[in-house]
$ cat coords-v7.tsv   # TSV, C-alpha atoms
chain	number	residue	atom	x	y	z
A	1495	MET	CA	0.00	0.00	0.00
A	1496	LYS	CA	2.72	2.38	1.03
A	1497	ARG	CA	4.83	1.61	-1.99
A	1498	ARG	CA	1.91	2.28	-4.28
A	1499	ASN	CA	1.39	5.65	-2.69
A	1500	PHE	CA	5.04	6.43	-3.09
A	1501	ILE	CA	4.97	5.67	-6.81
A	1502	LYS	CA	1.79	7.64	-7.24
A	1503	ASN	CA	3.18	10.63	-5.39
A	1504	SER	CA	6.50	10.61	-7.17
A	1505	MET	CA	4.77	10.50	-10.53
A	1506	LEU	CA	2.56	13.38	-9.52
A	1507	PHE	CA	5.61	15.33	-8.41
A	1508	ALA	CA	7.40	14.68	-11.72
A	1509	GLY	CA	4.29	15.86	-13.52
A	1510	VAL	CA	4.25	19.09	-11.56
A	1511	LEU	CA	7.94	19.65	-12.26
A	1512	THR	CA	7.53	19.31	-16.01
A	1513	THR	CA	4.37	21.39	-16.32
A	1514	LEU	CA	5.36	24.16	-13.91
A	1515	PRO	CA	7.94	25.94	-16.09
A	1516	SER	CA	5.63	25.91	-19.10
A	1517	VAL	CA	2.78	27.38	-17.02
A	1518	LEU	CA	5.05	30.12	-15.69
A	1519	PHE	CA	6.30	30.89	-19.16
A	1520	ALA	CA	2.81	30.98	-20.64
A	1521	LYS	CA	1.67	33.41	-17.96
A	1522	LYS	CA	4.53	35.72	-18.70
A	1523	SER	CA	4.08	36.03	-22.43
A	1524	TYR	CA	0.31	35.67	-22.80
A	1525	ALA	CA	-2.41	37.04	-20.56
A	1526	ALA	CA	-5.51	34.88	-20.88
A	1527	TRP	CA	-8.41	36.15	-23.00
A	1528	PRO	CA	-10.57	38.08	-20.49
A	1529	LYS	CA	-13.94	36.37	-21.08
A	1530	THR	CA	-15.71	38.12	-18.17
A	1531	SER	CA	-14.77	41.58	-19.44
A	1532	PHE	CA	-15.88	40.77	-22.98
A	1533	ASP	CA	-19.28	39.46	-21.72
A	1534	ILE	CA	-20.24	42.55	-19.67
A	1535	LYS	CA	-23.13	44.56	-21.13
A	1536	ASP	CA	-22.67	47.89	-19.32
A	1537	LEU	CA	-19.87	50.37	-20.07
A	1538	THR	CA	-19.13	51.35	-16.45
A	1539	ASP	CA	-19.01	47.70	-15.34
A	1540	SER	CA	-16.89	46.85	-18.36
A	1541	VAL	CA	-14.31	49.55	-17.57
A	1542	LYS	CA	-14.24	48.42	-13.96
A	1543	SER	CA	-13.65	44.79	-14.86
A	1544	VAL	CA	-10.72	45.76	-17.12
A	1545	TYR	CA	-8.93	48.20	-14.82
A	1546	GLY	CA	-10.41	47.41	-11.38
A	1547	HIS	CA	-11.64	51.02	-11.03
A	1548	ASN	CA	-13.50	53.76	-12.90
A	1549	ASN	CA	-11.00	56.60	-12.51
A	1550	LEU	CA	-10.72	57.69	-16.10
A	1551	GLU	CA	-9.13	60.94	-17.15
A	1552	GLU	CA	-10.03	62.62	-20.43
A	1553	SER	CA	-6.79	63.60	-22.20
A	1554	SER	CA	-5.97	65.45	-25.41
A	1555	LYS	CA	-2.83	63.30	-25.62
A	1556	VAL	CA	-5.01	60.37	-26.63
A	1557	LYS	CA	-5.82	60.66	-30.31
A	1558	LEU	CA	-8.89	58.77	-31.44
A	1559	LYS	CA	-9.55	58.77	-35.16
A	1560	ALA	CA	-13.02	57.57	-36.09
A	1561	PRO	CA	-15.57	58.69	-38.68
A	1562	SER	CA	-18.29	61.04	-37.38
A	1563	ILE	CA	-20.75	59.27	-39.67
A	1564	ALA	CA	-20.30	55.60	-40.56
A	1565	GLU	CA	-22.40	54.58	-43.52
A	1566	ASN	CA	-21.81	50.91	-42.88
A	1567	GLY	CA	-21.83	49.84	-39.23
A	1568	ALA	CA	-20.21	46.53	-40.17
A	1569	ILE	CA	-16.91	48.24	-40.98
A	1570	VAL	CA	-16.05	51.27	-38.84
A	1571	PRO	CA	-12.35	52.16	-39.06
A	1572	ILE	CA	-10.87	53.15	-35.71
A	1573	ASN	CA	-7.32	54.40	-35.08
A	1574	VAL	CA	-5.86	55.17	-31.69
A	1575	SER	CA	-2.48	56.74	-31.01
A	1576	THR	CA	-1.00	58.70	-28.14
A	1577	SER	CA	1.97	60.86	-27.23
A	1578	LEU	CA	1.89	59.43	-23.69
A	1579	GLU	CA	4.89	57.38	-22.61
A	1580	ASN	CA	5.15	53.94	-20.98
A	1581	VAL	CA	1.89	52.76	-22.46
A	1582	ASP	CA	0.83	49.32	-21.18
A	1583	SER	CA	-2.36	48.89	-23.11
A	1584	ILE	CA	-4.95	50.44	-25.39
A	1585	MET	CA	-8.61	49.44	-25.10
A	1586	ILE	CA	-11.52	50.41	-27.33
A	1587	PHE	CA	-15.03	50.55	-25.88
A	1588	VAL	CA	-18.22	51.05	-27.91
A	1589	GLU	CA	-20.88	52.18	-25.43
A	1590	ASN	CA	-24.05	51.06	-27.24
A	1591	ASN	CA	-22.81	47.72	-28.54
A	1592	PRO	CA	-24.25	44.56	-26.90
A	1593	GLN	CA	-20.87	44.23	-25.13
A	1594	PRO	CA	-18.98	47.55	-24.88
A	1595	LEU	CA	-15.45	46.10	-24.76
A	1596	SER	CA	-14.49	45.57	-28.40
A	1597	SER	CA	-10.80	44.91	-28.28
A	1598	GLY	CA	-7.68	45.29	-26.17
A	1599	TYR	CA	-4.04	45.77	-27.19
A	1600	GLN	CA	-1.23	44.89	-24.76
A	1601	LEU	CA	1.97	46.64	-25.79
A	1602	THR	CA	5.53	45.68	-24.95
A	1603	GLN	CA	8.44	48.15	-24.72
A	1604	LEU	CA	9.15	47.46	-28.38
A	1605	ALA	CA	5.73	48.61	-29.60
A	1606	GLU	CA	4.79	52.20	-30.47
A	1607	PRO	CA	1.42	53.31	-29.01
A	1608	SER	CA	-0.43	53.46	-32.30
A	1609	ILE	CA	-3.00	50.89	-33.44
A	1610	GLY	CA	-5.80	50.64	-35.95
A	1611	THR	CA	-8.61	48.22	-36.65
A	1612	ARG	CA	-12.17	47.98	-37.97
A	1613	LEU	CA	-15.16	47.43	-35.70
A	1614	LYS	CA	-18.82	46.49	-35.98
A	1615	MET	CA	-21.31	48.93	-34.49
A	1616	GLY	CA	-24.98	48.06	-34.00
A	1617	LYS	CA	-26.15	51.66	-33.75
A	1618	THR	CA	-25.00	55.24	-33.16
A	1619	SER	CA	-22.74	55.29	-30.13
A	1620	ASN	CA	-19.89	56.90	-28.29
A	1621	VAL	CA	-16.57	55.22	-28.98
A	1622	MET	CA	-14.00	55.51	-26.21
A	1623	ALA	CA	-10.29	54.84	-26.53
A	1624	ALA	CA	-8.58	54.18	-23.20
A	1625	VAL	CA	-4.81	54.25	-22.80
A	1626	LYS	CA	-3.18	52.85	-19.68
A	1627	SER	CA	0.08	54.62	-18.88
A	1628	GLY	CA	1.67	53.84	-15.53
A	1629	ASP	CA	-1.15	53.63	-12.96
A	1630	LYS	CA	-3.46	56.00	-14.80
A	1631	VAL	CA	-6.02	55.53	-17.53
A	1632	TYR	CA	-6.46	58.32	-20.08
A	1633	THR	CA	-9.36	58.45	-22.49
A	1634	SER	CA	-10.71	60.13	-25.56
A	1635	THR	CA	-14.33	59.79	-26.67
A	1636	GLN	CA	-16.06	60.49	-29.94
A	1637	GLU	CA	-19.58	59.88	-31.20
A	1638	VAL	CA	-19.95	57.79	-34.35
A	1639	LYS	CA	-23.31	58.01	-36.11
A	1640	VAL	CA	-24.32	54.77	-37.76
A	1641	THR	CA	-26.84	54.82	-40.59
A	1642	ILE	CA	-26.93	51.05	-41.25
A	1643	GLY	CA	-26.26	48.81	-38.26
A	1644	GLY	CA	-23.58	46.13	-38.46
A	1645	CYS	CA	-25.11	43.47	-36.24
A	1646	GLY	CA	-28.20	42.44	-38.18
A	1647	GLY	CA	-28.30	39.35	-40.41
B	678	MET	CA	-3.22	29.41	-48.49
B	679	SER	CA	-2.48	31.46	-45.51
B	680	THR	CA	-5.35	33.39	-43.95
B	681	ILE	CA	-2.99	36.28	-43.17
B	682	LYS	CA	-1.92	38.97	-45.60
B	683	MET	CA	0.77	41.17	-44.16
B	684	ARG	CA	2.87	44.14	-45.20
B	685	SER	CA	5.45	45.93	-43.09
B	686	LYS	CA	7.57	48.95	-43.86
B	687	GLU	CA	10.29	50.76	-41.95
B	688	SER	CA	10.66	54.52	-41.79
B	689	ASN	CA	12.90	56.44	-39.34
B	690	GLY	CA	13.37	53.43	-37.07
B	691	VAL	CA	9.65	52.72	-36.80
B	692	VAL	CA	8.08	49.77	-38.55
B	693	THR	CA	4.42	49.99	-39.54
B	694	VAL	CA	2.78	46.59	-39.84
B	695	LYS	CA	-0.52	46.20	-41.69
B	696	ALA	CA	-2.36	42.91	-41.77
B	697	LEU	CA	-5.59	41.51	-43.14
B	698	ILE	CA	-6.87	38.21	-41.79
B	699	LYS	CA	-9.50	36.15	-43.55
B	700	HIS	CA	-12.05	35.15	-40.91
B	701	PRO	CA	-15.89	35.19	-40.61
B	702	MET	CA	-15.89	36.85	-37.13
B	703	GLU	CA	-19.39	35.54	-36.30
B	704	THR	CA	-20.78	37.21	-33.16
B	705	GLY	CA	-23.13	34.39	-32.15
B	706	GLN	CA	-25.95	36.95	-32.08
B	707	ARG	CA	-27.14	36.49	-35.67
B	708	LYS	CA	-29.87	34.17	-36.90
B	709	ASN	CA	-29.81	32.04	-40.01
B	710	LYS	CA	-32.70	33.59	-41.97
B	711	LYS	CA	-33.86	30.30	-43.57
B	712	THR	CA	-33.83	28.04	-40.53
B	713	GLY	CA	-34.19	30.59	-37.73
B	714	ASP	CA	-31.31	28.97	-35.84
B	715	MET	CA	-28.63	31.05	-34.18
B	716	ILE	CA	-25.33	31.04	-36.05
B	717	PRO	CA	-22.69	29.89	-33.54
B	718	ALA	CA	-20.06	32.41	-32.46
B	719	HIS	CA	-16.83	32.08	-34.39
B	720	TYR	CA	-14.30	34.86	-33.94
B	721	ILE	CA	-10.59	35.46	-33.38
B	722	GLN	CA	-9.84	35.97	-29.70
B	723	GLU	CA	-6.11	36.49	-29.68
B	724	VAL	CA	-3.56	37.90	-32.10
B	725	HIS	CA	0.09	37.91	-31.17
B	726	SER	CA	3.00	39.51	-32.92
B	727	LYS	CA	6.75	39.12	-32.56
B	728	ALA	CA	9.66	40.83	-34.28
B	729	ASN	CA	12.88	38.79	-34.53
B	730	GLY	CA	11.45	36.49	-31.85
B	731	LYS	CA	10.70	39.30	-29.36
B	732	ASP	CA	7.12	40.04	-28.23
B	733	VAL	CA	5.68	43.24	-29.71
B	734	ILE	CA	1.96	43.18	-29.07
B	735	THR	CA	-0.74	40.85	-27.73
B	736	ILE	CA	-4.24	41.64	-28.91
B	737	HIS	CA	-7.53	40.44	-27.48
B	738	TRP	CA	-10.46	40.71	-29.85
B	739	GLY	CA	-14.15	40.33	-29.07
B	740	PRO	CA	-16.94	39.56	-31.54
B	741	ALA	CA	-17.32	43.31	-32.29
B	742	VAL	CA	-14.29	43.28	-34.59
B	743	SER	CA	-15.32	43.32	-38.27
B	744	LYS	CA	-15.38	40.33	-40.60
B	745	ASN	CA	-12.01	39.75	-42.31
B	746	PRO	CA	-10.31	41.91	-39.68
B	747	TYR	CA	-7.79	44.59	-40.50
B	748	LEU	CA	-5.03	45.44	-38.08
B	749	THR	CA	-2.23	47.94	-37.99
B	750	PHE	CA	0.39	48.65	-35.35
B	751	LYS	CA	3.87	50.13	-35.06
B	752	TYR	CA	7.09	49.10	-33.34
B	753	LYS	CA	10.69	50.19	-33.05
B	754	GLY	CA	12.53	48.09	-35.63
B	755	ASN	CA	14.58	47.85	-38.79
B	756	LYS	CA	14.51	46.77	-42.40
B	757	GLY	CA	14.87	43.01	-42.79
B	758	ASP	CA	13.26	42.18	-39.41
B	759	ASP	CA	11.24	38.98	-39.30
B	760	VAL	CA	7.72	39.93	-38.23
B	761	GLU	CA	5.50	37.09	-37.07
B	762	ILE	CA	1.74	37.34	-36.68
B	763	SER	CA	-0.36	34.53	-35.27
B	764	TRP	CA	-4.02	34.21	-34.29
B	765	VAL	CA	-6.25	31.80	-32.37
B	766	ASP	CA	-10.06	31.79	-32.54
B	767	ASN	CA	-12.71	30.65	-30.05
B	768	GLN	CA	-12.96	27.27	-31.81
B	769	GLY	CA	-9.24	26.59	-31.48
B	770	ASN	CA	-8.31	27.27	-35.13
B	771	LYS	CA	-5.04	29.08	-35.65
B	772	ASP	CA	-2.64	30.41	-38.24
B	773	THR	CA	0.78	32.05	-38.32
B	774	LYS	CA	2.67	34.04	-40.90
B	775	ILE	CA	6.18	35.45	-40.97
B	776	GLY	CA	7.22	38.30	-43.26
B	777	LYS	CA	10.26	40.52	-43.80
B	778	VAL	CA	10.19	44.26	-43.18
B	779	LYS	CA	10.81	46.34	-46.29
$ encode --input "coords-v7.tsv" --output "structure tokens"
Amino acid sequence: MKRRNFIKNSMLFAGVLTTLPSVLFAKKSYAAWPKTSFDIKDLTDSVKSVYGHNNLEESSKVKLKAPSIAENGAIVPINVSTSLENVDSIMIFVENNPQPLSSGYQLTQLAEPSIGTRLKMGKTSNVMAAVKSGDKVYTSTQEVKVTIGGCGG
Amino acid sequence: MSTIKMRSKESNGVVTVKALIKHPMETGQRKNKKTGDMIPAHYIQEVHSKANGKDVITIHWGPAVSKNPYLTFKYKGNKGDDVEISWVDNQGNKDTKIGKVK
């Protein structure tokens, strides 16, 4: 009985040893996809789940480039750049979408804080770009009017 | 055929990477008009990019990103760098492409 336990335990230990470094490594290079944040339906709750607080500061150093009128809500081009330094991440929230958090960009030291993508928008909404620099979160918001929604079939 | 089309160009020590990925980006909130069934969600969740093996950017996408997503970002780099872009979707599909900076 004891010997069996010993074999079982030693195998378990070997398993832990081999998987541990890979787990540590994975954590360092990839943060897991934040399912909870992407599922939240309210903007304030969404911001809180991403940053842990709602202390946002509007800043002219965050440049959000979005069309004031989007003819096709299925393809709304969004560009975000900033002159702020030590940028950790850029997040784009669309207030009136079913889930406000649209996408998040984690930057390393190598990356320049400038990103662009295309989003779907169900209806006219405020689009907010949030830039995390140090412990603070700076934002810039713009309204995008949508004439044809991008979420219908 | 790769699902990723990528172009990268260096100017004054900054490389601009532009990429187009072929993907349906289904939200899971649309109905099939004929059958009335919901079309299952199928969208890219994570895009990761490296330059010469070093991490540049990790991107998390939700279903709100457009079909056949377009992406652009910049990093401090040089001509001839190997830029790698890879993606994983919510159904576990993935693809990777490596290109040289012009």
$ atom_distance --input "coords-v7.tsv" --atom1 "CA of Glu1565 in chain A" --atom2 "CA of Ala1623 in chain A"
20.9 Å
$ atom_distance --input "coords-v7.tsv" --atom1 "CA of Pro701 in chain B" --atom2 "CA of Trp764 in chain B"
13.5 Å
$ interface_residues --input "coords-v7.tsv" --of "chain A" --to "chain B" --cutoff "7 Å" --atoms "all atoms listed in the file" --output "list in words"
Trp1527, Phe1532, Ala1568, Ile1569, Ser1596, Ser1597, Gly1598, Tyr1599, Gln1600, Leu1601, Thr1602, Leu1604, Ala1605, Glu1606, Ser1608, Ile1609, Gly1610, Thr1611, Arg1612, Leu1613, Lys1614, Gly1646 and Gly1647 of chain A
$ closest_residue --input "coords-v7.tsv" --among "A:Pro1528, A:Gly1628, A:Gly1546, A:Gly1616" --to "Gly1567 in chain A" --atoms "all atoms listed in the file"
A:Gly1616
$ atom_distance --input "coords-v7.tsv" --atom1 "CA of Arg684 in chain B" --atom2 "CA of Lys779 in chain B"
8.3 Å
$ closest_residue --input "coords-v7.tsv" --among "B:Thr712, B:Ser726, B:Ser679, B:Asn689" --to "Glu761 in chain B" --atoms "only C-alpha atoms"
B:Ser726
$ residues_around --input "coords-v7.tsv" --residues "Ile681 in chain B" --least-positions-apart "3" --cutoff "8 Å" --atoms "only C-alpha atoms" --output "ChimeraX atom specification"
/B:696-699,772-774
$ residues_near_point --input "coords-v7.tsv" --point "(-10.6, 30.2, -29.6)" --cutoff "8 Å" --atoms "all atoms listed in the file" --output "list in words"
Tyr720, Ile721, Gln722, Glu723, Val765, Asp766, Asn767, Gln768, Gly769 and Asn770 of chain B
$ residues_around --input "coords-v7.tsv" --residues "Val778 in chain B" --least-positions-apart "5" --cutoff "8 Å" --atoms "all atoms listed in the file" --output "list in words"
Arg684, Ser685, Lys686, Glu687, Val692, Asn755, Lys756, Gly757, Asp758, Asp759 and Val760 of chain B
$ write_last_selection --input "coords-v7.tsv" --atoms "C-alpha atoms" --output "PDB file, in the coordinates of the input"
ATOM      1  CA  ARG B 684       2.870  44.140 -45.200  1.00  0.00           C
ATOM      2  CA  SER B 685       5.450  45.930 -43.090  1.00  0.00           C
ATOM      3  CA  LYS B 686       7.570  48.950 -43.860  1.00  0.00           C
ATOM      4  CA  GLU B 687      10.290  50.760 -41.950  1.00  0.00           C
ATOM      5  CA  VAL B 692       8.080  49.770 -38.550  1.00  0.00           C
ATOM      6  CA  ASN B 755      14.580  47.850 -38.790  1.00  0.00           C
ATOM      7  CA  LYS B 756      14.510  46.770 -42.400  1.00  0.00           C
ATOM      8  CA  GLY B 757      14.870  43.010 -42.790  1.00  0.00           C
ATOM      9  CA  ASP B 758      13.260  42.180 -39.410  1.00  0.00           C
ATOM     10  CA  ASP B 759      11.240  38.980 -39.300  1.00  0.00           C
ATOM     11  CA  VAL B 760       7.720  39.930 -38.230  1.00  0.00           C
TER      12      VAL B 760
END
$ closest_residue --input "coords-v7.tsv" --among "A:Gln1593, A:Ser1627, A:Ser1562, A:Ser1634" --to "Thr1530 in chain A" --atoms "all atoms listed in the file"
A:Gln1593
$ decode --input "coords-v7.tsv" --residues "range 694-732 of chain B" --atoms "C-alpha atoms" --output "PDB file, in the first residue's frame"
ATOM      1  CA  VAL B 694       2.778  46.589 -39.839  1.00  0.00           C
ATOM      2  CA  LYS B 695      -0.516  46.202 -41.685  1.00  0.00           C
ATOM      3  CA  ALA B 696      -2.356  42.910 -41.768  1.00  0.00           C
ATOM      4  CA  LEU B 697      -5.592  41.509 -43.143  1.00  0.00           C
ATOM      5  CA  ILE B 698      -6.869  38.208 -41.788  1.00  0.00           C
ATOM      6  CA  LYS B 699      -9.499  36.152 -43.547  1.00  0.00           C
ATOM      7  CA  HIS B 700     -12.052  35.151 -40.912  1.00  0.00           C
ATOM      8  CA  PRO B 701     -15.894  35.190 -40.606  1.00  0.00           C
ATOM      9  CA  MET B 702     -15.887  36.855 -37.127  1.00  0.00           C
ATOM     10  CA  GLU B 703     -19.388  35.545 -36.295  1.00  0.00           C
ATOM     11  CA  THR B 704     -20.780  37.208 -33.161  1.00  0.00           C
ATOM     12  CA  GLY B 705     -23.132  34.386 -32.148  1.00  0.00           C
ATOM     13  CA  GLN B 706     -25.949  36.952 -32.081  1.00  0.00           C
ATOM     14  CA  ARG B 707     -27.138  36.489 -35.672  1.00  0.00           C
ATOM     15  CA  LYS B 708     -29.869  34.172 -36.905  1.00  0.00           C
ATOM     16  CA  ASN B 709     -29.808  32.043 -40.012  1.00  0.00           C
ATOM     17  CA  LYS B 710     -32.699  33.591 -41.970  1.00  0.00           C
ATOM     18  CA  LYS B 711     -33.860  30.298 -43.566  1.00  0.00           C
ATOM     19  CA  THR B 712     -33.826  28.036 -40.530  1.00  0.00           C
ATOM     20  CA  GLY B 713     -34.194  30.592 -37.726  1.00  0.00           C
ATOM     21  CA  ASP B 714     -31.307  28.966 -35.842  1.00  0.00           C
ATOM     22  CA  MET B 715     -28.632  31.049 -34.184  1.00  0.00           C
ATOM     23  CA  ILE B 716     -25.327  31.038 -36.054  1.00  0.00           C
ATOM     24  CA  PRO B 717     -22.688  29.887 -33.542  1.00  0.00           C
ATOM     25  CA  ALA B 718     -20.060  32.412 -32.458  1.00  0.00           C
ATOM     26  CA  HIS B 719     -16.829  32.080 -34.386  1.00  0.00           C
ATOM     27  CA  TYR B 720     -14.299  34.855 -33.938  1.00  0.00           C
ATOM     28  CA  ILE B 721     -10.592  35.458 -33.382  1.00  0.00           C
ATOM     29  CA  GLN B 722      -9.838  35.974 -29.703  1.00  0.00           C
ATOM     30  CA  GLU B 723      -6.115  36.490 -29.678  1.00  0.00           C
ATOM     31  CA  VAL B 724      -3.561  37.897 -32.099  1.00  0.00           C
ATOM     32  CA  HIS B 725       0.085  37.912 -31.166  1.00  0.00           C
ATOM     33  CA  SER B 726       3.005  39.508 -32.915  1.00  0.00           C
ATOM     34  CA  LYS B 727       6.749  39.120 -32.561  1.00  0.00           C
ATOM     35  CA  ALA B 728       9.656  40.830 -34.278  1.00  0.00           C
ATOM     36  CA  ASN B 729      12.881  38.791 -34.529  1.00  0.00           C
ATOM     37  CA  GLY B 730      11.453  36.493 -31.849  1.00  0.00           C
ATOM     38  CA  LYS B 731      10.704  39.303 -29.362  1.00  0.00           C
ATOM     39  CA  ASP B 732       7.123  40.044 -28.233  1.00  0.00           C
TER      40      ASP B 732
END
